[in-house]
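What follows is the content of input-v7.cif (mmCIF, C-alpha atoms and all ligand atoms).
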```cif
data_input
loop_
_atom_site.label_atom_id
_atom_site.label_comp_id
_atom_site.auth_asym_id
_atom_site.auth_seq_id
_atom_site.Cartn_x
_atom_site.Cartn_y
_atom_site.Cartn_z
CA MET A 180 25.03 -45.25 3.20
CA SER A 181 21.29 -45.36 2.74
CA ALA A 182 18.65 -43.71 4.94
CA LEU A 183 19.17 -44.39 8.62
CA LEU A 184 17.47 -47.59 9.76
CA THR A 185 16.10 -47.75 13.30
CA PRO A 186 17.38 -50.48 15.64
CA SER A 187 14.21 -52.54 15.20
CA GLN A 188 14.47 -52.26 11.42
CA ILE A 189 18.08 -53.41 11.59
CA VAL A 190 17.12 -56.42 13.73
CA HIS A 191 14.28 -57.22 11.37
CA ARG A 192 16.66 -57.26 8.41
CA LEU A 193 19.22 -59.30 10.33
CA ASP A 194 16.51 -61.87 11.11
CA GLU A 195 16.29 -62.70 7.41
CA HIS A 196 19.81 -64.14 7.50
CA VAL A 197 20.89 -64.79 11.07
CA VAL A 198 18.93 -67.32 13.11
CA GLY A 199 18.58 -66.73 16.87
CA GLN A 200 21.20 -64.68 18.74
CA GLU A 201 18.53 -62.13 19.65
CA ALA A 202 20.51 -60.40 22.39
CA ALA A 203 23.52 -59.86 20.14
CA LYS A 204 21.34 -58.56 17.31
CA ARG A 205 19.62 -56.00 19.54
CA THR A 206 22.82 -54.77 21.14
CA VAL A 207 24.57 -54.44 17.80
CA ALA A 208 21.56 -52.72 16.21
CA VAL A 209 21.40 -50.15 18.99
CA ALA A 210 25.13 -49.47 18.79
CA ILE A 211 25.09 -49.17 15.02
CA TYR A 212 22.13 -46.82 15.08
CA ALA A 213 23.83 -44.62 17.67
CA HIS A 214 27.08 -44.66 15.73
CA TYR A 215 25.67 -43.64 12.38
CA ARG A 216 23.27 -41.14 13.88
CA LYS A 217 26.14 -39.42 15.65
CA LEU A 218 27.97 -39.36 12.35
CA ALA A 219 25.02 -37.79 10.58
CA GLU A 220 24.71 -35.11 13.25
CA LEU A 221 28.40 -34.50 13.25
CA VAL A 222 28.19 -33.17 9.77
CA THR A 223 25.93 -30.32 10.86
CA ASP A 224 26.61 -29.77 14.58
CA ALA A 225 30.25 -30.72 15.01
CA VAL A 226 29.23 -32.86 18.00
CA GLU A 227 32.00 -34.79 19.69
CA VAL A 228 31.70 -38.46 18.88
CA THR A 229 32.67 -41.12 21.32
CA LYS A 230 32.95 -44.28 19.36
CA SER A 231 31.23 -47.43 20.51
CA ASN A 232 33.35 -50.23 19.17
CA ILE A 233 31.78 -53.61 19.71
CA LEU A 234 33.08 -56.92 21.00
CA LEU A 235 31.24 -60.07 19.92
CA ILE A 236 31.93 -63.09 22.05
CA GLY A 237 30.72 -66.51 21.03
CA PRO A 238 31.69 -70.06 20.16
CA THR A 239 32.92 -70.92 16.67
CA GLY A 240 30.33 -71.13 13.92
CA THR A 241 27.51 -69.37 15.78
CA GLY A 242 27.20 -66.39 13.48
CA LYS A 243 29.71 -63.70 14.47
CA THR A 244 31.12 -63.17 10.99
CA LEU A 245 27.71 -63.71 9.42
CA LEU A 246 26.21 -61.05 11.68
CA CYS A 247 28.83 -58.47 10.68
CA GLU A 248 28.67 -59.30 6.98
CA THR A 249 24.90 -59.08 6.97
CA LEU A 250 25.05 -55.82 8.88
CA SER A 251 27.38 -54.19 6.40
CA ARG A 252 25.16 -55.29 3.53
CA ILE A 253 22.06 -53.89 5.23
CA LEU A 254 23.78 -50.61 5.98
CA ASP A 255 25.40 -50.48 2.59
CA VAL A 256 28.76 -49.46 4.03
CA PRO A 257 32.14 -50.91 3.03
CA PHE A 258 33.16 -53.83 5.18
CA VAL A 259 36.34 -55.88 5.64
CA THR A 260 37.33 -58.68 7.96
CA ALA A 261 40.78 -59.20 9.38
CA ASP A 262 42.21 -61.94 11.47
CA ALA A 263 44.00 -61.03 14.67
CA THR A 264 46.10 -64.18 14.59
CA SER A 265 47.45 -63.40 11.14
CA LEU A 266 48.27 -59.90 12.33
CA ALA A 267 50.37 -61.52 15.02
CA GLN A 268 52.12 -63.69 12.45
CA THR A 269 53.51 -60.88 10.42
CA GLN A 270 56.62 -58.97 11.30
CA PHE A 271 55.26 -55.67 10.14
CA VAL A 272 51.94 -55.07 11.85
CA GLY A 273 51.80 -51.55 10.50
CA ASP A 274 51.93 -52.79 6.91
CA GLU A 275 49.30 -55.37 7.62
CA ILE A 276 46.97 -52.80 9.15
CA GLU A 277 47.54 -50.55 6.18
CA ALA A 278 46.60 -53.46 3.94
CA ILE A 279 43.32 -53.85 5.85
CA LEU A 280 42.51 -50.18 5.37
CA LEU A 281 43.44 -50.40 1.69
CA ARG A 282 41.00 -53.29 1.30
CA LEU A 283 38.35 -51.12 2.95
CA ILE A 284 39.02 -48.35 0.43
CA ASP A 285 38.83 -50.97 -2.28
CA ARG A 286 35.42 -52.07 -1.03
CA ALA A 287 34.38 -48.42 -1.16
CA ASP A 288 35.40 -48.39 -4.83
CA GLY A 289 38.28 -46.09 -4.07
CA ASP A 290 36.06 -43.53 -2.32
CA LEU A 291 38.14 -42.50 0.69
CA GLU A 292 35.31 -40.69 2.44
CA ARG A 293 33.04 -43.69 2.13
CA ALA A 294 35.79 -45.95 3.48
CA GLU A 295 36.12 -43.66 6.48
CA ARG A 296 32.52 -44.59 7.40
CA GLY A 297 33.05 -48.30 7.01
CA ILE A 298 33.17 -51.27 9.34
CA VAL A 299 36.25 -53.34 10.15
CA PHE A 300 35.74 -56.73 11.75
CA VAL A 301 38.77 -58.13 13.57
CA ASP A 302 38.27 -61.79 14.38
CA GLU A 303 40.03 -64.06 16.89
CA ILE A 304 40.85 -61.17 19.15
CA ASP A 305 41.05 -63.56 22.10
CA LYS A 306 44.20 -65.08 20.63
CA LEU A 307 46.19 -61.89 21.16
CA LYS A 308 47.68 -62.88 24.48
CA SER A 309 49.97 -60.26 25.91
CA ILE A 310 52.48 -62.85 27.06
CA GLY A 311 52.98 -64.29 23.60
CA GLY A 312 54.78 -67.50 22.71
CA THR A 313 58.14 -67.38 20.97
CA ALA A 314 56.76 -68.71 17.69
CA ARG A 315 55.18 -65.34 16.94
CA ALA A 316 56.79 -62.73 14.78
CA THR A 317 54.99 -59.98 16.65
CA SER A 318 53.72 -60.27 20.19
CA GLY A 319 50.00 -60.19 20.71
CA GLU A 320 50.49 -57.17 22.87
CA SER A 321 52.08 -55.08 20.16
CA VAL A 322 49.26 -56.07 17.81
CA GLN A 323 46.84 -54.80 20.43
CA HIS A 324 48.75 -51.55 20.66
CA ALA A 325 48.70 -51.14 16.90
CA LEU A 326 44.96 -51.85 16.73
CA LEU A 327 44.33 -49.59 19.66
CA LYS A 328 45.60 -46.61 17.76
CA ILE A 329 43.42 -47.07 14.71
CA MET A 330 40.39 -48.08 16.79
CA GLU A 331 40.59 -44.86 18.67
CA GLY A 332 40.96 -42.89 15.49
CA ALA A 333 44.10 -41.75 13.79
CA PRO A 334 45.18 -40.58 10.38
CA VAL A 335 47.01 -43.44 8.74
CA ARG A 336 49.39 -42.63 5.92
CA LEU A 337 49.10 -44.95 2.96
CA GLN A 338 51.90 -45.90 0.62
CA ASP A 339 50.49 -43.74 -2.14
CA GLY A 340 50.72 -40.70 0.11
CA ARG A 341 47.03 -40.42 0.89
CA HIS A 342 45.78 -40.40 4.47
CA ILE A 343 42.81 -42.30 5.80
CA ASP A 344 41.25 -41.10 9.03
CA THR A 345 39.97 -43.99 11.15
CA THR A 346 38.05 -41.84 13.63
CA HIS A 347 34.62 -42.80 12.30
CA ILE A 348 35.37 -46.33 11.20
CA LEU A 349 33.45 -48.74 13.39
CA PHE A 350 35.51 -51.61 14.75
CA ILE A 351 33.83 -54.83 15.68
CA CYS A 352 36.04 -57.42 17.34
CA GLY A 353 35.18 -61.07 17.66
CA GLY A 354 36.45 -64.03 19.58
CA ALA A 355 35.42 -67.34 21.07
CA PHE A 356 36.93 -66.64 24.50
CA VAL A 357 36.86 -70.29 25.46
CA GLY A 358 36.53 -70.69 29.21
CA LEU A 359 34.81 -67.36 29.76
CA GLU A 360 31.92 -69.05 31.56
CA GLN A 361 34.22 -70.28 34.29
CA ILE A 362 35.75 -66.84 34.72
CA LEU A 363 32.31 -65.23 34.85
CA SER A 364 31.04 -67.62 37.47
CA ARG A 365 34.12 -66.91 39.53
CA THR A 366 34.02 -63.14 39.28
CA HIS A 367 30.29 -62.58 39.70
CA THR A 368 29.42 -62.85 43.33
CA PHE A 369 25.82 -63.43 44.18
CA GLY A 370 25.04 -61.30 47.19
CA PHE A 371 26.46 -58.30 45.46
CA ILE A 372 23.69 -58.57 42.94
CA SER A 373 20.93 -59.84 45.15
CA THR A 374 18.22 -62.14 43.87
CA THR A 375 15.75 -61.38 46.62
CA GLY A 376 13.23 -58.65 47.19
CA GLY A 377 11.15 -58.83 44.05
CA ASP A 378 13.96 -57.93 41.67
CA ASP A 379 13.31 -58.63 38.07
CA GLN A 380 14.89 -62.01 37.47
CA GLN A 381 15.63 -61.23 33.85
CA ILE A 382 17.56 -58.08 34.67
CA LEU A 383 19.52 -59.96 37.31
CA GLU A 384 20.41 -62.70 34.89
CA ARG A 385 21.56 -60.16 32.40
CA LEU A 386 23.75 -58.39 34.92
CA ASN A 387 25.22 -61.66 36.05
CA ALA A 388 26.04 -62.68 32.50
CA ARG A 389 27.69 -59.34 31.83
CA VAL A 390 31.27 -59.53 30.72
CA LYS A 391 33.47 -57.09 32.59
CA PRO A 392 36.70 -55.62 31.19
CA THR A 393 38.58 -57.42 33.97
CA ASP A 394 37.25 -60.76 32.69
CA LEU A 395 38.82 -59.99 29.32
CA LEU A 396 42.20 -59.29 30.89
CA GLU A 397 42.33 -62.96 31.83
CA PHE A 398 42.52 -63.70 28.10
CA GLY A 399 45.54 -61.50 27.72
CA LEU A 400 43.80 -58.40 26.48
CA ILE A 401 45.58 -55.34 27.79
CA PRO A 402 43.40 -52.91 29.79
CA GLU A 403 43.64 -50.12 27.22
CA PHE A 404 42.44 -52.48 24.51
CA ALA A 405 39.58 -53.94 26.53
CA GLY A 406 38.66 -50.39 27.51
CA ARG A 407 38.14 -49.43 23.87
CA LEU A 408 35.51 -52.09 23.41
CA PRO A 409 32.73 -50.61 25.54
CA ILE A 410 29.98 -52.70 24.03
CA VAL A 411 30.23 -56.40 24.71
CA THR A 412 27.65 -58.87 23.56
CA ARG A 413 27.50 -62.63 23.37
CA LEU A 414 26.38 -65.19 20.88
CA HIS A 415 25.32 -68.54 22.23
CA ASP A 416 25.71 -72.14 21.22
CA LEU A 417 23.16 -73.07 18.58
CA THR A 418 20.47 -75.51 19.68
CA GLN A 419 19.32 -78.39 17.51
CA ASP A 420 16.21 -76.44 16.67
CA MET A 421 18.21 -73.40 15.59
CA LEU A 422 20.45 -75.58 13.42
CA ILE A 423 17.39 -76.99 11.69
CA ARG A 424 16.09 -73.48 11.07
CA ILE A 425 19.49 -72.44 9.68
CA MET A 426 19.27 -75.20 7.06
CA THR A 427 15.78 -74.23 5.97
CA GLU A 428 14.76 -70.65 6.82
CA PRO A 429 17.30 -67.96 5.85
CA LYS A 430 17.04 -66.48 2.37
CA ASN A 431 19.99 -68.52 1.14
CA ALA A 432 19.51 -71.55 3.42
CA ILE A 433 21.34 -74.69 2.24
CA PHE A 434 18.13 -76.56 1.56
CA LYS A 435 16.83 -73.72 -0.62
CA GLN A 436 20.10 -73.65 -2.55
CA PHE A 437 20.08 -77.35 -3.33
CA ALA A 438 16.38 -77.39 -4.10
CA ALA A 439 16.92 -74.57 -6.58
CA MET A 440 19.83 -76.41 -8.17
CA LEU A 441 17.73 -79.54 -8.72
CA ARG A 442 14.72 -77.54 -9.84
CA ALA A 443 16.87 -76.22 -12.65
CA ASP A 444 17.12 -79.85 -13.79
CA GLY A 445 13.38 -80.28 -13.45
CA VAL A 446 13.65 -82.29 -10.24
CA GLU A 447 11.74 -81.71 -7.01
CA LEU A 448 13.73 -82.19 -3.80
CA ARG A 449 11.90 -83.40 -0.72
CA ILE A 450 13.65 -83.77 2.61
CA THR A 451 11.78 -84.80 5.75
CA HIS A 452 12.13 -83.05 9.08
CA ASN A 453 13.74 -86.22 10.42
CA VAL A 454 16.69 -85.73 8.09
CA PHE A 455 17.28 -82.14 9.21
CA ARG A 456 17.13 -83.38 12.79
CA GLN A 457 19.76 -86.03 12.06
CA ILE A 458 22.06 -83.52 10.36
CA ALA A 459 21.68 -81.07 13.26
CA GLU A 460 22.52 -83.87 15.72
CA LEU A 461 25.72 -84.66 13.84
CA ALA A 462 26.64 -81.00 13.64
CA ILE A 463 26.29 -80.66 17.41
CA GLU A 464 28.67 -83.61 17.78
CA TYR A 465 31.20 -81.94 15.50
CA LYS A 466 31.20 -78.85 17.76
CA ALA A 467 31.75 -76.38 14.94
CA GLY A 468 28.41 -74.61 15.29
CA ALA A 469 26.51 -74.29 12.04
CA ARG A 470 29.71 -74.59 10.05
CA SER A 471 29.55 -78.38 9.66
CA LEU A 472 25.98 -78.36 8.34
CA ARG A 473 27.03 -77.64 4.78
CA GLY A 474 29.58 -80.46 4.68
CA ILE A 475 27.14 -83.04 5.96
CA PHE A 476 24.42 -81.79 3.66
CA GLU A 477 26.67 -81.82 0.62
CA GLU A 478 27.83 -85.33 1.32
CA MET A 479 24.23 -86.46 1.49
CA MET A 480 23.51 -84.80 -1.85
CA THR A 481 26.58 -85.84 -3.83
CA ASP A 482 25.22 -89.08 -5.31
CA ILE A 483 21.98 -87.39 -6.23
CA LEU A 484 23.70 -84.46 -7.92
CA PHE A 485 25.91 -86.95 -9.76
CA THR A 486 23.02 -89.03 -11.02
CA VAL A 487 20.38 -86.47 -11.93
CA PRO A 488 21.98 -84.81 -14.98
CA ASP A 489 22.27 -88.15 -16.84
CA ASN A 490 18.69 -89.12 -16.03
CA PRO A 491 16.21 -86.62 -17.43
CA ASP A 492 13.34 -88.91 -16.45
CA ILE A 493 13.91 -88.28 -12.73
CA ARG A 494 11.05 -86.13 -11.41
CA ARG A 495 11.45 -86.22 -7.67
CA VAL A 496 14.02 -87.16 -5.04
CA SER A 497 12.78 -87.80 -1.49
CA ILE A 498 15.14 -88.25 1.43
CA GLN A 499 13.66 -89.82 4.55
CA SER A 500 16.79 -90.53 6.54
CA LEU A 501 20.42 -89.57 6.41
CA PHE A 502 21.23 -93.28 6.62
CA GLU A 503 18.92 -94.62 3.89
CA ALA A 504 19.02 -94.36 0.12
CA PRO A 505 16.70 -91.66 -1.23
CA ILE A 506 13.49 -92.58 -3.00
CA ILE A 507 13.62 -91.61 -6.66
CA ASP A 508 10.47 -91.04 -8.70
CA ARG A 509 10.75 -91.13 -12.47
CA ASP A 510 8.47 -90.31 -15.35
CA ALA A 511 6.34 -93.21 -16.43
CA ALA A 512 8.03 -94.79 -19.41
N1 LIG B 1 22.97 -67.84 13.77
C1 LIG B 1 23.15 -68.27 12.52
N2 LIG B 1 22.15 -68.15 11.61
C2 LIG B 1 22.32 -68.58 10.34
N3 LIG B 1 23.43 -69.17 9.88
C3 LIG B 1 24.45 -69.33 10.74
C4 LIG B 1 24.36 -68.88 12.09
N4 LIG B 1 25.53 -69.16 12.70
C5 LIG B 1 26.30 -69.74 11.79
N5 LIG B 1 25.67 -69.85 10.60
C6 LIG B 1 26.22 -70.49 9.38
O1 LIG B 1 27.50 -71.02 9.69
C7 LIG B 1 28.52 -70.37 8.94
C8 LIG B 1 29.65 -70.01 9.85
O2 LIG B 1 29.25 -68.97 10.72
P1 LIG B 1 30.19 -67.73 11.06
O3 LIG B 1 31.24 -67.61 10.03
O4 LIG B 1 29.34 -66.55 11.29
O5 LIG B 1 30.82 -68.25 12.42
P2 LIG B 1 31.70 -67.45 13.48
O6 LIG B 1 30.84 -67.27 14.68
O7 LIG B 1 32.27 -66.24 12.84
O8 LIG B 1 32.81 -68.53 13.81
P3 LIG B 1 34.39 -68.35 14.05
O9 LIG B 1 34.55 -67.98 15.49
O10 LIG B 1 34.92 -69.72 13.80
O11 LIG B 1 34.88 -67.33 13.09
C9 LIG B 1 27.87 -69.16 8.31
O12 LIG B 1 28.35 -68.93 7.03
C10 LIG B 1 26.40 -69.54 8.24
O13 LIG B 1 26.13 -70.24 7.07
MG MG B 2 34.16 -65.75 12.16
#
```
Turn the structure described in the file into structure tokens.
Amino acid sequence: MSALLTPSQIVHRLDEHVVGQEAAKRTVAVAIYAHYRKLAELVTDAVEVTKSNILLIGPTGTGKTLLCETLSRILDVPFVTADATSLAQTQFVGDEIEAILLRLIDRADGDLERAERGIVFVDEIDKLKSIGGTARATSGESVQHALLKIMEGAPVRLQDGRHIDTTHILFICGGAFVGLEQILSRTHTFGFISTTGGDDQQILERLNARVKPTDLLEFGLIPEFAGRLPIVTRLHDLTQDMLIRIMTEPKNAIFKQFAAMLRADGVELRITHNVFRQIAELAIEYKAGARSLRGIFEEMMTDILFTVPDNPDIRRVSIQSLFEAPIIDRDAA
């Protein structure tokens, strides 16, 4: 990996791709910095490393995977994602976990040592209920046990006879944990954390929003598993304003992509703020976070992208409303 970035530098880089989610960005940046700094020191001092695996909690489509992907790119470390539910669907969890580690080695271009400093993102961790249904090949609990071992750090023997040591691999787990709010409001008693006496309201709010390991047990996580995820942070539902920014601001924002595509055909694309607002409104209705933005956007653009290549005289396309035909300007004949 490249020179060690400070937490604020990490957040700054994340800001280029991930809109909002400030609390999650800061927490992750601090944890990552600590993790890789400990690793760097370990080389010289043989300091004992306690690993700070991270749990990201947040609704679907709010940036959990995007955050991890961006992070691994910034840090220039190998990165793989795995799906907890598919781990529970296989009969041989061990093989599946080995496959994940093999993919990590692959991402490290076969460099075992580099892979041993990588990041593994395990999504949908909240679906690993310990009292699993009968439809599953492997119970969620045994998947948790299998993950537990590699999260803590263990040499894993690969089919080709090599061993990969997972001690310094950083594990980030993700999940939507639907219904967590209700559990939190039940388990956090005001009075214990008092709101009187000039306490800083922000600190109180943070403490009250804190997710405790016991809250996670309600989702079927076994205590040993929850205990190995010491850092918990949350991503929040995206507001209309954030959705609009997602379409327009990040380096590869959808609007920029389509504008570039049309520019290649010599056409300028203009879209009013009203349109972005309408798309964001629809996306909120679809309840899939930012994930539905692309679909809605593409649908709006299909006719235009179909028409433009056959009409070299088109100079500009202006969209004023999602529900009205675009205005097309052509070269004077
Ligand atoms: N905060 C965000 N900033 C910028 N883009 C975002 C953000 N959240 C989501 N997106 C966009 O939505 C897409 C889906 O987001 P992502 O895959 O990160 O969701 P997720 O939180 O991992 O959801 P799930 O729980 O369903 O896996 C991303 O590829 C990205 O384009
Ligand atoms: Mg995801």
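Closest to ligand LIG 1 (chain B) among A:Glu320, A:Glu303, A:Glu503, A:Glu277 is A:Glu303, based on all atoms listed in the file.
Between atom CA of Gln268 of chain A and atom O11 of ligand LIG 1 (chain B) the interatomic distance comes to 17.6 Å.
Distances to Ala333 of chain A were evaluated for A:Ser251, A:Thr346, A:Thr427, A:Gln419 using all atoms listed in the file, and the minimum falls at A:Thr346.
In this model, the gap between atom CA of Asp288 of chain A and atom CA of Val301 of chain A comes to 21.1 Å.
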Expected answer as a compact mmCIF listing (two decimals) with C-alpha atoms, in the frame of the given file: residues within 8 Å of ligand MG 2 (chain B), only C-alpha atoms and all ligand atoms:
```txt
# COMPACT_ATOMS: atom_id res chain seq x y z
CA THR A 239 32.92 -70.92 16.67
CA GLY A 240 30.33 -71.13 13.92
CA GLY A 242 27.20 -66.39 13.48
CA LYS A 243 29.71 -63.70 14.47
CA THR A 244 31.12 -63.17 10.99
CA LEU A 245 27.71 -63.71 9.42
CA ASP A 302 38.27 -61.79 14.38
CA GLU A 303 40.03 -64.06 16.89
CA GLY A 353 35.18 -61.07 17.66
CA GLY A 354 36.45 -64.03 19.58
```
(request) For atom C8 of ligand LIG 1 (chain B) and atom CA of Ala469 of chain A, quote the distance in Å rounded to one decimal. (result) 5.7 Å
